[in-house]
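Undergrad: What follows is the file start-v4.txt, containing compact mmCIF, C-alpha atoms:
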# COMPACT_ATOMS: atom_id res chain seq x y z
CA MET A 1 57.73 29.09 -31.54
CA PRO A 2 57.80 28.44 -27.88
CA SER A 3 55.40 25.68 -27.12
CA VAL A 4 53.50 25.52 -23.85
CA LYS A 5 54.05 22.19 -22.28
CA LEU A 6 51.04 20.96 -20.36
CA PRO A 7 51.92 18.97 -17.32
CA ARG A 8 50.98 15.36 -17.88
CA LYS A 9 48.30 14.47 -15.41
CA SER A 10 47.90 11.01 -14.02
CA THR A 11 44.87 9.11 -15.22
CA ASP A 12 44.52 7.46 -11.84
CA THR A 13 41.52 8.68 -9.93
CA ASP A 14 41.43 8.50 -6.20
CA MET A 15 39.01 5.67 -5.48
CA THR A 16 39.01 6.10 -1.71
CA PRO A 17 35.73 8.07 -1.27
CA PHE A 18 34.03 5.74 -3.71
CA VAL A 19 35.13 2.69 -1.80
CA ASP A 20 34.14 4.34 1.46
CA ILE A 21 30.60 4.85 0.27
CA ALA A 22 30.43 1.36 -1.18
CA PHE A 23 31.37 -0.18 2.13
CA LEU A 24 29.03 2.10 4.02
CA ILE A 25 26.13 0.89 1.88
CA LEU A 26 27.33 -2.67 2.30
CA SER A 27 27.38 -2.42 6.08
CA PHE A 28 23.90 -0.86 6.00
CA PHE A 29 22.50 -3.77 4.04
CA ILE A 30 24.23 -6.30 6.24
CA MET A 31 22.69 -4.71 9.32
CA ALA A 32 19.26 -4.20 7.81
CA THR A 33 18.82 -7.65 6.35
CA LYS A 34 16.63 -9.90 8.35
CA PHE A 35 16.86 -13.47 7.34
CA LYS A 36 13.61 -15.26 6.99
CA PRO A 37 13.11 -18.34 9.12
CA PRO A 38 13.47 -21.50 7.10
CA GLU A 39 10.16 -22.12 5.43
CA THR A 40 9.31 -25.75 5.25
CA VAL A 41 6.37 -25.13 2.96
CA THR A 42 5.93 -22.26 0.56
CA ILE A 43 2.89 -20.11 1.11
CA THR A 44 1.99 -17.16 -1.11
CA THR A 45 -0.27 -14.87 0.81
CA PRO A 46 -3.01 -12.81 -0.82
CA GLY A 47 -2.82 -9.03 -0.81
CA SER A 48 -4.83 -6.54 1.20
CA VAL A 49 -4.89 -2.78 1.67
CA ASN A 50 -4.26 -3.05 5.39
CA SER A 51 -0.89 -1.73 6.44
CA GLN A 52 -0.81 -3.02 9.98
CA VAL A 53 2.53 -4.73 10.58
CA LEU A 54 2.80 -8.36 11.44
CA PRO A 55 3.72 -9.14 15.04
CA GLU A 56 6.67 -11.52 15.09
CA ASN A 57 6.77 -12.25 18.75
CA ASN A 58 4.25 -13.70 21.19
CA ALA A 59 2.06 -15.15 18.54
CA VAL A 60 0.97 -18.44 17.13
CA MET A 61 0.78 -18.79 13.42
CA ILE A 62 -1.58 -21.19 11.76
CA SER A 63 -0.63 -21.77 8.16
CA MET A 64 -2.58 -23.35 5.36
CA ASP A 65 -0.82 -24.30 2.18
CA SER A 66 -2.20 -24.85 -1.30
CA LEU A 67 -2.92 -28.50 -0.54
CA ASN A 68 -5.08 -27.47 2.42
CA ARG A 69 -2.66 -28.87 4.96
CA VAL A 70 -2.63 -27.05 8.27
CA PHE A 71 0.52 -26.21 10.22
CA PHE A 72 1.06 -24.74 13.63
CA THR A 73 3.96 -22.45 14.52
CA ILE A 74 4.83 -20.86 17.84
CA LEU A 75 6.49 -17.47 17.55
CA SER A 76 8.28 -16.64 20.77
CA LYS A 77 11.74 -15.17 20.49
CA LYS A 78 12.75 -14.51 24.07
CA ASP A 79 10.76 -16.87 26.16
CA LYS A 80 11.65 -20.39 25.12
CA ASP A 81 9.81 -21.87 28.10
CA VAL A 82 6.51 -21.69 26.27
CA PHE A 83 7.70 -24.41 23.92
CA ASP A 84 8.26 -26.72 26.89
CA ALA A 85 4.93 -25.78 28.41
CA ILE A 86 3.06 -26.47 25.18
CA ILE A 87 4.63 -29.85 24.45
CA LYS A 88 4.23 -30.93 28.05
CA GLY A 89 0.57 -30.00 27.94
CA ILE A 90 0.07 -31.86 24.67
CA ASN A 91 1.94 -34.87 26.05
CA THR A 92 -0.28 -35.17 29.10
CA SER A 93 -3.58 -34.40 27.43
CA GLN A 94 -2.98 -36.80 24.54
CA ASN A 95 -1.06 -39.52 26.45
CA LEU A 96 1.75 -39.52 23.93
CA GLY A 97 4.40 -40.82 26.34
CA LEU A 98 7.17 -38.57 25.09
CA THR A 99 10.55 -38.72 26.82
CA PRO A 100 12.13 -35.52 28.20
CA THR A 101 14.70 -35.50 25.37
CA GLU A 102 11.97 -35.79 22.80
CA MET A 103 10.16 -32.92 24.43
CA ALA A 104 13.34 -30.84 24.42
CA ASN A 105 13.58 -31.37 20.68
CA PHE A 106 10.28 -29.56 20.25
CA LYS A 107 12.06 -26.21 20.43
CA LYS A 108 13.83 -26.97 17.18
CA VAL A 109 10.62 -27.67 15.29
CA TYR A 110 9.58 -24.53 13.48
CA MET A 111 6.34 -25.81 12.05
CA VAL A 112 4.25 -28.57 13.52
CA GLY A 113 2.73 -30.43 10.63
CA VAL A 114 1.99 -33.92 11.86
CA PRO A 115 -0.92 -35.46 13.77
CA PHE A 116 -0.37 -36.39 17.42
CA SER A 117 0.38 -39.97 16.42
CA GLY A 118 3.36 -38.88 14.32
CA LEU A 119 4.76 -36.48 16.88
CA LYS A 120 6.88 -39.05 18.71
CA GLN A 121 8.65 -40.06 15.53
CA VAL A 122 9.37 -36.47 14.49
CA LEU A 123 10.70 -35.44 17.89
CA GLY A 124 12.57 -38.68 18.52
CA SER A 125 14.55 -38.94 15.31
CA GLY A 126 15.55 -35.30 15.10
CA VAL A 127 15.55 -35.72 11.34
CA GLU A 128 13.64 -33.01 9.62
CA ILE A 129 10.92 -34.21 7.31
CA PRO A 130 10.83 -32.26 4.06
CA GLY A 131 7.86 -29.93 3.80
CA GLU A 132 6.12 -31.74 0.99
CA LYS A 133 5.98 -34.98 2.97
CA LEU A 134 4.36 -33.51 6.06
CA PRO A 135 0.75 -34.64 6.38
CA GLY A 136 -0.47 -31.53 8.23
CA ILE A 137 -2.52 -31.32 11.39
CA PRO A 138 -5.95 -32.95 11.06
CA VAL A 139 -8.68 -30.32 11.29
CA ASP A 140 -11.82 -32.18 10.23
CA THR A 141 -14.86 -31.84 12.46
CA ALA A 142 -14.52 -35.33 13.94
CA ASN A 143 -10.86 -34.93 14.85
CA ASN A 144 -9.82 -31.30 15.04
CA GLN A 145 -6.40 -31.56 16.69
CA LEU A 146 -5.71 -27.89 16.18
CA VAL A 147 -8.13 -27.20 19.04
CA TRP A 148 -5.65 -28.88 21.43
CA TRP A 149 -2.65 -27.01 20.11
CA ILE A 150 -4.44 -23.70 20.52
CA ARG A 151 -5.60 -24.63 23.99
CA GLU A 152 -2.06 -25.45 25.11
CA ALA A 153 -0.68 -22.29 23.51
CA LYS A 154 -3.34 -20.30 25.30
CA ASN A 155 -2.30 -21.86 28.63
CA ALA A 156 1.39 -21.36 27.97
CA PHE A 157 0.95 -17.71 27.06
CA ALA A 158 -1.48 -17.06 29.93
CA GLY A 159 -1.18 -13.49 31.17
CA LYS A 160 0.65 -12.36 28.06
CA LYS A 161 -0.66 -10.87 24.89
CA LEU A 162 -1.07 -13.55 22.29
CA ASP A 163 -1.86 -12.90 18.65
CA TYR A 164 -3.42 -15.48 16.41
CA LEU A 165 -2.03 -15.22 12.93
CA ILE A 166 -3.62 -17.07 10.08
CA LYS A 167 -1.44 -17.42 7.05
CA GLY A 168 -3.11 -18.97 4.09
CA ASP A 169 -2.03 -19.66 0.57
CA ASN A 170 -3.87 -18.04 -2.32
CA ASN A 171 -5.05 -21.42 -3.52
CA SER A 172 -6.08 -23.02 -0.26
CA LYS A 173 -9.79 -23.66 -0.12
CA TYR A 174 -12.26 -21.99 2.15
CA PRO A 175 -13.18 -25.16 4.16
CA ALA A 176 -9.62 -25.32 5.53
CA PHE A 177 -9.90 -21.73 6.68
CA GLU A 178 -13.30 -22.45 8.18
CA ALA A 179 -11.88 -25.43 10.11
CA VAL A 180 -9.07 -23.26 11.49
CA ILE A 181 -11.57 -20.63 12.58
CA SER A 182 -13.81 -23.21 14.21
CA ALA A 183 -10.81 -24.54 16.15
CA LEU A 184 -10.08 -21.02 17.38
CA LYS A 185 -13.74 -20.41 18.17
CA LYS A 186 -13.85 -23.55 20.30
CA ASN A 187 -11.19 -21.93 22.45
CA ASP A 188 -13.23 -18.71 22.64
CA GLU A 189 -10.73 -16.83 20.56
CA LEU A 190 -12.52 -14.50 18.21
CA LYS A 191 -9.89 -12.02 17.08
CA TYR A 192 -7.41 -13.03 14.44
CA LYS A 193 -4.94 -11.47 12.12
CA LEU A 194 -4.69 -12.67 8.58
CA VAL A 195 -1.22 -12.46 7.10
CA THR A 196 -1.28 -10.58 3.81
CA SER A 197 1.04 -8.63 1.58
CA LEU A 198 0.50 -4.96 1.03
CA ASP A 199 -1.63 -3.76 -1.86
CA GLY A 200 -2.31 -0.20 -2.94
CA ILE A 201 -5.64 1.43 -2.17
CA PRO A 202 -7.72 1.81 -5.35
CA ASP A 203 -8.44 5.43 -6.29
CA GLY A 204 -11.80 6.98 -5.62
CA THR A 205 -13.09 4.31 -3.26
CA TYR A 206 -14.60 5.11 0.12
CA LEU A 207 -11.36 4.24 1.89
CA ASP A 208 -9.37 6.44 -0.46
CA GLN A 209 -11.74 9.36 0.12
CA PHE A 210 -11.63 8.78 3.86
CA ASN A 211 -7.83 8.86 3.93
CA LYS A 212 -7.77 12.03 1.86
CA ARG A 213 -10.30 13.71 4.17
CA LYS A 214 -8.14 12.80 7.12
CA LYS A 215 -5.07 14.24 5.47
CA THR A 216 -6.62 17.56 4.51
CA ASN A 217 -7.97 18.19 7.99
CA MET C 218 69.71 0.82 14.92
CA ALA C 219 67.75 -1.60 12.89
CA SER C 220 66.29 -0.05 9.88
CA ILE C 221 64.91 -1.17 6.61
CA ASP C 222 67.25 -0.64 3.78
CA SER C 223 65.10 1.29 1.45
CA GLY C 224 67.68 1.30 -1.18
CA GLY C 225 68.82 4.81 -0.51
CA GLY C 226 72.40 5.39 -1.31
CA ASP C 227 73.46 6.96 1.93
CA SER C 228 73.18 4.09 4.37
CA GLY C 229 76.69 3.85 5.57
CA HIS C 230 78.79 2.43 2.82
CA LYS C 231 78.96 3.26 -0.77
CA LYS C 232 77.93 0.56 -3.16
CA GLY C 233 80.49 -0.43 -5.62
CA PRO C 234 79.92 -0.36 -9.31
CA GLY C 235 77.83 -3.29 -10.50
CA VAL C 236 75.80 -3.49 -7.31
CA LYS C 237 72.29 -2.84 -8.40
CA LYS C 238 70.07 -0.47 -6.54
CA ALA C 239 67.02 -2.21 -5.03
CA LYS C 240 63.93 -1.00 -6.77
CA LYS C 241 61.72 1.26 -4.72
CA LEU C 242 58.37 -0.50 -4.33
CA SER C 243 55.21 1.49 -4.37
CA THR C 244 53.24 1.49 -1.12
CA ARG C 245 50.03 1.65 -3.06
CA VAL C 246 47.89 -1.47 -2.91
CA ASP C 247 45.71 -2.43 -5.78
CA MET C 248 42.21 -1.98 -4.40
CA THR C 249 40.32 -3.35 -7.38
CA PRO C 250 39.66 -6.90 -6.06
CA MET C 251 38.46 -5.50 -2.75
CA VAL C 252 36.08 -3.10 -4.46
CA ASP C 253 34.86 -5.90 -6.70
CA LEU C 254 34.05 -8.02 -3.72
CA GLY C 255 32.44 -5.10 -1.94
CA PHE C 256 30.06 -4.47 -4.78
CA LEU C 257 29.33 -8.13 -5.17
CA LEU C 258 28.25 -8.26 -1.55
CA ILE C 259 26.18 -5.11 -1.95
CA THR C 260 24.26 -6.58 -4.84
CA PHE C 261 23.71 -9.80 -2.89
CA PHE C 262 22.32 -7.99 0.13
CA ILE C 263 20.17 -5.69 -1.99
CA PHE C 264 18.59 -8.69 -3.65
CA THR C 265 18.00 -10.65 -0.47
CA ALA C 266 16.71 -7.69 1.54
CA THR C 267 12.99 -8.13 2.13
CA MET C 268 11.65 -4.66 1.77
CA SER C 269 7.98 -5.59 1.71
CA SER C 270 7.31 -6.89 5.16
CA PRO C 271 4.07 -8.83 5.51
CA THR C 272 1.06 -6.99 6.84
CA THR C 273 -2.00 -8.25 8.63
CA LEU C 274 -5.70 -7.96 8.09
CA PRO C 275 -7.60 -8.02 11.36
CA LEU C 276 -10.62 -10.29 11.45
CA ASN C 277 -13.08 -10.47 14.29
CA MET C 278 -15.62 -13.23 14.33
CA PRO C 279 -18.87 -13.26 16.27
CA LYS C 280 -19.39 -15.82 18.95
CA ASP C 281 -21.59 -18.73 17.99
CA VAL C 282 -24.90 -18.29 19.75
CA ASP C 283 -27.89 -20.56 19.64
CA ASP C 284 -30.16 -18.35 21.65
CA PRO C 285 -32.36 -16.48 19.15
CA GLU C 286 -32.70 -13.53 21.49
CA GLN C 287 -28.99 -12.85 21.40
CA LYS C 288 -28.79 -12.94 17.66
CA THR C 289 -28.20 -9.68 15.89
CA GLU C 290 -31.15 -8.54 13.87
CA VAL C 291 -30.67 -6.55 10.73
CA LYS C 292 -33.06 -4.66 8.51
CA GLN C 293 -33.85 -6.56 5.39
CA SER C 294 -33.69 -3.48 3.19
CA GLY C 295 -30.06 -2.82 4.04
CA VAL C 296 -28.70 -6.33 3.60
CA LEU C 297 -26.46 -7.42 0.81
CA THR C 298 -25.54 -11.08 0.69
CA ILE C 299 -22.40 -11.99 -1.20
CA MET C 300 -21.54 -15.57 -1.99
CA LEU C 301 -18.23 -16.80 -3.33
CA GLY C 302 -18.07 -19.75 -5.65
CA LYS C 303 -15.77 -21.64 -7.94
CA ASP C 304 -13.35 -19.93 -10.38
CA ASP C 305 -13.41 -16.52 -8.66
CA GLN C 306 -17.11 -16.04 -9.33
CA VAL C 307 -19.21 -13.87 -7.06
CA TYR C 308 -22.95 -14.19 -6.54
CA TYR C 309 -25.11 -11.75 -4.67
CA TYR C 310 -28.64 -10.72 -3.81
CA GLU C 311 -30.18 -7.82 -1.95
CA GLY C 312 -32.52 -8.33 0.97
CA GLN C 313 -34.32 -11.65 1.01
CA LEU C 314 -33.53 -14.27 -1.58
CA GLU C 315 -36.38 -14.47 -4.10
CA VAL C 316 -36.19 -16.93 -6.88
CA SER C 317 -39.44 -17.60 -8.67
CA ALA C 318 -40.78 -17.44 -12.19
CA ASP C 319 -41.51 -13.72 -12.15
CA LYS C 320 -38.87 -12.49 -9.75
CA ASN C 321 -35.24 -13.38 -9.41
CA ASN C 322 -32.76 -11.31 -7.43
CA PHE C 323 -29.95 -13.83 -7.47
CA LYS C 324 -27.21 -12.33 -9.61
CA GLN C 325 -23.74 -13.23 -10.71
CA THR C 326 -20.70 -11.01 -11.05
CA THR C 327 -16.93 -11.04 -10.67
CA PHE C 328 -14.53 -9.48 -8.18
CA LYS C 329 -14.25 -6.47 -10.43
CA GLY C 330 -17.98 -5.96 -10.54
CA ILE C 331 -18.72 -6.53 -6.88
CA ARG C 332 -17.20 -3.22 -5.82
CA ASP C 333 -19.81 -1.24 -7.75
CA VAL C 334 -22.55 -3.42 -6.33
CA ILE C 335 -21.36 -2.66 -2.80
CA ILE C 336 -20.97 1.06 -3.50
CA ASN C 337 -24.42 1.32 -5.10
CA LYS C 338 -26.05 -0.53 -2.25
CA LYS C 339 -24.28 1.66 0.27
CA LYS C 340 -25.43 4.81 -1.53
CA GLU C 341 -28.95 3.48 -1.67
CA VAL C 342 -28.97 2.81 2.08
CA ILE C 343 -27.49 6.23 2.84
CA GLY C 344 -30.09 7.85 0.59
CA ARG C 345 -32.85 6.18 2.52
CA PHE C 346 -31.47 7.41 5.84
CA ASN C 347 -34.06 9.06 8.03
CA PRO C 348 -32.85 10.57 11.32
CA ALA C 349 -36.30 10.23 12.83
CA THR C 350 -36.45 6.47 12.65
CA VAL C 351 -32.87 5.65 13.62
CA ASP C 352 -31.88 4.21 16.98
CA ALA C 353 -30.48 7.37 18.60
CA GLU C 354 -28.30 5.58 21.12
CA ALA C 355 -26.62 3.37 18.56
CA CYS C 356 -26.19 6.38 16.31
CA GLU C 357 -24.35 8.28 19.04
CA THR C 358 -21.93 5.43 19.73
CA GLU C 359 -21.30 5.20 16.02
CA LYS C 360 -20.52 8.90 15.80
CA ALA C 361 -18.25 8.75 18.82
CA SER C 362 -16.19 5.90 17.40
CA ALA C 363 -15.88 7.66 14.03
CA LYS C 364 -14.72 10.81 15.80
CA LYS C 365 -12.16 8.79 17.67
CA ALA C 366 -10.92 7.26 14.44
CA GLY C 367 -10.23 10.77 13.17
CA ASP C 368 -12.92 11.00 10.51
CA PRO C 369 -13.72 14.68 9.84
CA ASN C 370 -17.14 13.61 8.58
CA TRP C 371 -18.02 11.84 11.81
CA GLU C 372 -21.40 13.60 11.95
CA LYS C 373 -22.52 11.47 9.04
CA ALA C 374 -21.13 8.26 10.51
CA CYS C 375 -24.44 6.62 11.33
CA GLU C 376 -26.08 7.21 7.96
CA ASP C 377 -25.05 3.79 6.75
CA MET C 378 -25.98 2.05 9.97
CA ASP C 379 -28.49 -0.22 8.32
CA PHE C 380 -26.03 -1.40 5.71
CA VAL C 381 -24.96 -4.94 6.43
CA VAL C 382 -23.01 -7.26 4.18
CA ILE C 383 -23.20 -10.99 4.69
CA LEU C 384 -20.33 -12.97 3.26
CA LYS C 385 -20.84 -16.60 2.38
CA PRO C 386 -17.89 -18.34 0.80
CA ASN C 387 -18.81 -21.85 -0.31
CA ALA C 388 -16.60 -24.92 -0.33
CA ASP C 389 -15.17 -24.12 -3.77
CA ALA C 390 -14.04 -20.63 -2.87
CA THR C 391 -10.34 -20.14 -2.27
CA TYR C 392 -8.69 -18.42 0.65
CA LYS C 393 -7.66 -15.64 -1.70
CA ASN C 394 -11.30 -15.00 -2.57
CA THR C 395 -12.14 -14.80 1.11
CA VAL C 396 -9.37 -12.34 1.86
CA ASP C 397 -10.22 -10.32 -1.25
CA ILE C 398 -13.83 -9.92 -0.22
CA LEU C 399 -12.82 -9.01 3.34
CA ASP C 400 -10.46 -6.48 1.84
CA GLU C 401 -13.31 -5.13 -0.25
CA MET C 402 -15.10 -4.42 3.03
CA THR C 403 -12.17 -2.27 4.14
CA ILE C 404 -11.89 -0.56 0.77
CA ASN C 405 -15.57 0.35 0.73
CA GLN C 406 -15.68 1.16 4.43
CA VAL C 407 -18.38 -1.34 5.23
CA LYS C 408 -18.62 -1.27 8.99
CA ARG C 409 -20.99 -4.17 9.43
CA TYR C 410 -20.22 -7.44 7.84
CA ALA C 411 -20.33 -11.03 8.92
CA MET C 412 -18.99 -14.26 7.57
CA VAL C 413 -21.66 -16.93 7.64
CA LYS C 414 -22.02 -20.47 6.39
CA VAL C 415 -23.66 -20.73 3.00
CA LEU C 416 -27.24 -22.04 2.97
CA ASP C 417 -28.18 -25.13 1.00
CA VAL C 418 -30.63 -23.19 -1.17
CA GLU C 419 -27.94 -20.71 -2.11
CA ASN C 420 -25.40 -23.41 -2.71
CA GLU C 421 -27.78 -25.16 -5.10
CA LEU C 422 -28.34 -21.91 -6.98
CA ILE C 423 -24.58 -21.42 -7.30
CA LYS C 424 -24.17 -24.97 -8.56
CA ALA C 425 -26.99 -24.47 -11.07
CA THR C 426 -25.44 -21.24 -12.35
CA GLU C 427 -22.06 -22.90 -12.66
CA ALA C 428 -23.59 -25.76 -14.62
CA THR C 429 -25.32 -23.44 -17.10
CA SER C 430 -22.30 -21.21 -17.62
CA LYS C 431 -20.17 -24.22 -18.50
CA LYS C 432 -22.33 -25.18 -21.44
Reformat the file's structure so that it appears as C-alpha cells.
TA:
Amino acid sequence: MPSVKLPRKSTDTDMTPFVDIAFLILSFFIMATKFKPPETVTITTPGSVNSQVLPENNAVMISMDSLNRVFFTILSKKDKDVFDAIIKGINTSQNLGLTPTEMANFKKVYMVGVPFSGLKQVLGSGVEIPGEKLPGIPVDTANNQLVWWIREAKNAFAGKKLDYLIKGDNNSKYPAFEAVISALKKNDELKYKLVTSLDGIPDGTYLDQFNKRKKTN
Amino acid sequence: MASIDSGGGDSGHKKGPGVKKAKKLSTRVDMTPMVDLGFLLITFFIFTATMSSPTTLPLNMPKDVDDPEQKTEVKQSGVLTIMLGKDDQVYYYEGQLEVSADKNNFKQTTFKGIRDVIINKKKEVIGRFNPATVDAEACETEKASAKKAGDPNWEKACEDMDFVVILKPNADATYKNTVDILDEMTINQVKRYAMVKVLDVENELIKATEATSKK
C-alpha cells in the first residue's frame, strides 16, 4: 500500500510577534510609571467618594501621621525659587542665623519635620534624619510654628495659585487636624483640600441618585 | 575581495580529502533569555504602577467671627448635631440639646447608623418645606447654583434649605472619623454643614456614655 508521507513540520513557533507585544507593553509601563517621592513617614489616608484629582504642583502639603506629628512639604516642580524665598523668610522672621549654604540645602528637604530650633542642624549636616526620629513641627496653641511656615509659603507663592493640601493618617487624632486648621485660619486661608483615596459611592444614597439623574438627562 | 569563508566548496581551491568542512552556523539567536527578562520587567512595572492616584476632598471653613451680628443663624427645627467620640462612636441630637429626667434627645449610633439618621432628618425637613415662609432671595440663589451644577431637579433645590448639620469631633475622634463624616455630607448631599468645637456639656455626655458602655 502506498503510504502518504506527511511532511514533518517544525515544532518551533515564531516568537517574534509575541516578543514585540511584550516589549510594547513593557515600554508602556516604563513610560506610565510615576515614581512616588521618597516618603519619610508612612501615612495611610482615609477614603472618600470625591474624585477630584490631587494637584501635585504649586501646593503646600501639611501631613499628620499616626503619632500626631505635623510635617510641612512644599510642592513646586518648576519654580525652585520658592524654596529659597521660604527659607529666607523663615530665617529672618525667626532669627535662625542660617548660612547661605544651609539655606541652599533646604531644596533637598522633602518634608520639614523639625521645630525652628532644629532646622540649623538638619540643613547644616545634610544628613537625612530617618522619619521615625523626626519630632514634627510644634502646633500647640502657645507655639504654633506652622503659622509661620504657611505665612512664608503664602508670600513666596504670591500671585500664583496655591493649594493647601492636608494629608492625615487614619489614626491621627482630631486635635492635630484642628491645630493645622487653626494655623491656616490665622493666615486667612479657609479653603483646603484633604488628601484621600477613592471610595465607591454607596448605592441608593442621595449622591448616587443625583449622579444617575444627571446621566439620564 | 575579502569575504567570509562560509564553508562553501567553491571558493577558489578544492579542499583535499581529510579537510573538514566548517559547519554552517545558524543565524538564529536564542531569544528565550531576552523574553524572560522582558516579562520580568513587565511584571515589575505592573506591580509598581500606582493606578489609584490620590484624590482630594475639598473643605471650606468659615471665618472665625466674634461679632454676633455676623454669625449665621439657623432654624432650630432643621439642625442635626453630630458628635464624634472614641472608638468610632457617633452621638447626635436634633434641634436643641435636651437632657432631663423626662426628655432626652442625646442618642448614640455608629458610622453605619448615622447615614439613616441624616437621610431621615433630611426627609423630615423637606416634608416640612413651605414655599410661603421661605426666604425667596436665598431660594433663588440656591436654585441657580443647582442649575449650574447640572442637577435636573434644580427646581426642588431649596426644599432642604433649613437643613443644617453641625459636626463636632471631640479630642478622641480620629482624623479618619472626621473625613468619614465629611464624606457622609457629600454622600447625602447635605449642602449646609459646619465643623464646630464640641461644647463642654456635650463632651461630658459623651464621656458619661462611654463610661456606661464600658461596664
Undergrad: Can you check which residues of chain C have any atom within 6 Å of chain A? Use only C-alpha atoms and format it as a ChimeraX atom specification.
TA: /C:259,262,266,271-278,388,390-393,400,404-406
Undergrad: Hey, can you check how far CA of Ala183 in chain A sits from CA of Glu401 in chain C?
TA: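 These atoms are spaced 25.5 Å apart.
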Undergrad: Write out as number ranges by chain which residues come within 9 Å of range 113-126 of chain A when counting all atoms listed in the file, dropping same-chain ones fewer than 4 positions away.
TA: A: 69-73, 90, 94, 96-99, 101-106, 108-109, 131, 134-138, 145
Undergrad: Between A:Met111, A:Leu67, A:Leu6, A:Val60, which one has atoms that come closest to Arg151 in chain A, using only C-alpha atoms?
TA: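 For Arg151 in chain A, the nearest of the given residues is A:Val60.
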